[in-house]
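Everything on this sheet refers to the single structure shown next.
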Amino acid sequence: MTNALPDLSAEWLEADGLGGFASGTVGGYRTRRYHAVLLTARKPPTERIVLVNGFEAWVETSAGSFPLSTQHYAPGVFHPNGCNRLRSFTTEPWPTWQWQLEDGTVIEQELFVPHQRAQTVMVWTLMESAGPVQLFVRPLLSGRDYHALHHENPAFEFTATVSGSVVTMRPYPDVPSIAFHNNGSYQAGPMWYRQFLYAAEQERGLDCLEDVASPGTFQWELDGSQPAIWLLAAEGQEAGLNAKKSSLKAISIRIRSKERKRREQFPTALHRAADAYVVQRGAGQTIVAGYPWFTDWGRDTFIALRGLCLATGRLKEAGAMLAAWAETVSEGMLPNRFPDYGDQPEFNAVDASLWFVIAVHEYFQAMATAQRRILKTQRAALQQAVTAILEGYLRGTRFGIHVDSDGLLAAGQPGMQLTWMDAKVGDWVVTLRIGKPVEIQALWLNALALAGTTDSRWRMMFEQGRQSFVERFWNPESGGLFDVVDVDHRPGCVDATVRPNQIFAVGGLPIGLFDGERARQIVDTVESQLLTPLGLRSLSPHAEEYAAHCTGGPRQRDGAYHQGTVWLWLMGPFVEAWVRVRGKTPAAIQEARERFLPPIQAHLQRDGLGHLSEIADGDPPHTPRGCPFQAWSLGEFLRLDLQVLR
């Protein structure tokens with residue numbers, strides 16, 4: 001990002017590598033319940049809790065008092081007017097704001113989250129002034145689950161403990177305490193701030209009003225040599241902040257220098273953005289599906305890992321993640337989700353296990369290309385997991401998943417959403433794709449073919465299945481593929497709906513299942529009906545059920561989620577298919593780069609700054625929706641840029 005001022009409602013993200021994060025808007029006002037200065041994961045990457053929602057900040061000079069912060073209150077009031085003084089903003093190397101006051105005073109504010117620490121460092125520096133300057137900051141606290149909202153109540157604990165340069169607050173007995181390390185002074189002054197309005201939650205038809213508490217005010221005398229330092233740490237996460245022989249300024253300089261050096265080691269800003277999704281789980285690592293509300297999901301992890309880790313050369317992390325997931329195979333299936341609370345995983349996906357097989361193959365391939373050895377124990381464990389998955393599917397497992405007599409994979413039962421088109425509202429499964437979905441066959445056949453390189457029984461099954469696939473899925477009327485055959489397990493019943501899932505038969509996976517003219521027709525059909533500048537629509541606009549916009553309350557949004565909404569991650573398999581059917585010539589690759597990448601690159605400068613959104617509206621202007629920081633969206637863009645279009 002440059003120093004130019006972006007949209008004030010655009011969002012920034014700082015992730016700690018543990019599953020916690022800090023996020024907000026350029027303008028400083030919170031538009032989501034998830035925006036916070038200190039949000040920590042008590043059981044990384046789950047059990048997230050908001051500790052410090054935000055803050056009020058103002059400056060006093062001889063010319064008067066000048067707010068630096070802005071809040072959004074019901075019914076639609078922005079107060080105070082700090083964002084009117086905002087002169088510049090950048091996310092490089094971390095979120096940095098500059099304000100210019102009416103008397104010429106210039107204040108710079110920096111915020112960053114050190115890696116592997118549930119801490120937030122904030123520094124205010126006086127850049128220009130004509131006289132004495134005082135800075136005042138009031139923390140705004142809640143101490144609540146990150147999905148919840150907080151309201152005024154008598155149980156909130158306003159009392160703070162002051163010990164030297166550390167002010168400690170604990171909003172409630174059952175939440176972590178917060179240590180505010182500072183080089184200023186603290187004055188108690190309990191106060192409730194009521195009726196914050198979160199516009200993004202309101203737009204999504206959710207509860208959107210919150211009250212937060214402020215126990216007191218921090219104050220600093222600013223001069224050019226001594227910045228105001230505010231180091232926030234969750235309980236048990238104060239490593240490096242209590243050095244007895246070091247001043248707080250020296251400690252902050254050391255933390256800043258270490259974090260800046262770490263970030264500078266990434267070759268590009270996108271490599272650094274990818275790092276935000278690689279987080280700790282137990283003794284290992286995993287991939288967060290997206291910020292601010294997702295944790296780690298099996299399907300998302302294995303899709304995103306290909307770009308976030310394999311394409312960027314993070315092979316050690318990729319191998320460790322795959323090895324950790326390999327230990328969770330049950331009845332031939334991998335979990336699709338670990339809930340925020342509790343340890344029982346959810347096995348509600350037919351494709352997550354197959355994406356794991358693809359990721360393992362590409363990990364082996366990447367290690368070979370990089371001429372790096374894989375530990376025998378790790379290779380054996382991964383191969384054993386792959387075999388367990390294929391054998392489990394062959395025998396038959398949960399939710400009617402089994403190999404049919406035609407060699408294809410059937411799956412599904414009423415009330416379950418097993419494919420990536422997984423929206424469900426109560427008992428209503430919006431896209432109930434029971435039978436033999438097209439992308440599941442592409443994944444299954446790819447898994448068989450890859451396993452068949454070392455075991456002939458899988459190769460034989462692949463040959464049978466591919467023949468059935470080519471014969472049964474071709475739809476001459478659309479010039480593409482059926483979305484599902486044997487719908488509801490009824491032989492011969494087909495779903496001819498034009499959806500993007502067919503693209504995986506020709507792109508996005510190691511092995512294309514169609515070639516020649518039919519492969520080109522599939523790509524052309526997808527391009528003509530589903531392609532947008534940001535990704536593929538999930539349903540053709542010609543369909544009666546097509547939803548042009550993914551807006552409204554939860555039921556309306558979930559109903560539109562896979563009924564026309566654009567998915568950014570699908571641009572990866574589409575572009576790969578597009579260049580494949582053109583022979584992957586240098587000219588085709590260059591044309592693809594010039595045509596398909598610029599709109600996505602432009603999107604990096606809006607909404608989730610430096611990142612890519614989960615979804616967008618099906619109709620122009622294709623307004624981004626959903627999660628503003630999505631792992632597989634960024635992962636597939638990196639895979640395109642660093643591998644497919646190399």
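Ligands are numbered from 1 in the order shown, chains are lettered A, B, ... in the order of the structure tokens, and residues start at 1 in each chain.
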
Surrounding residues of A:Trp325 excluding itself and chain neighbours under 3 positions, 9 Å, only C-alpha atoms, as a count of residues only: 10

Leaving out A:Phe294 and any residue of its chain fewer than 5 positions from it, which residues lie within 9 Å of it when counting only C-alpha atoms, given as a PyMOL selection string? chain A and resi 288-289+627+630

List the neighbours of A:Thr623 out to 10 Å using only C-alpha atoms; skip same-chain residues closer than 5 positions along the sequence, and give me the result as an NGL selection string. :A and (534 or 549-550 or 566 or 607 or 615-618)

Residues at most 12 Å from stretch 5-8 of chain A, counting only C-alpha atoms, excluding those fewer than 6 positions away in the same chain, as a PyMOL selection string? chain A and resi 24-31+70+82-91+96-99+604-610

Counting only C-alpha atoms, which residues of stretch 23-142 of chain A sit at most 12 Å from some atom of stretch 201-206 of chain A, and what is each one's closest atom pair with its distance in Å to one decimal, listed by chain and rising residue number, as a Markdown table?
| residue | atom | partner | partner_atom | distance |
| --- | --- | --- | --- | --- |
| A:Arg30 | CA | A:Glu201 | CA | 10.4 |
| A:Thr31 | CA | A:Glu201 | CA | 7.2 |
| A:Arg32 | CA | A:Glu201 | CA | 5.9 |
| A:Arg33 | CA | A:Glu201 | CA | 7.3 |
| A:Tyr34 | CA | A:Glu201 | CA | 9.8 |
| A:His35 | CA | A:Glu201 | CA | 11.3 |
| A:Ala74 | CA | A:Gln202 | CA | 10.8 |
| A:Pro75 | CA | A:Gln202 | CA | 11.1 |
| A:Gly76 | CA | A:Gln202 | CA | 11.2 |
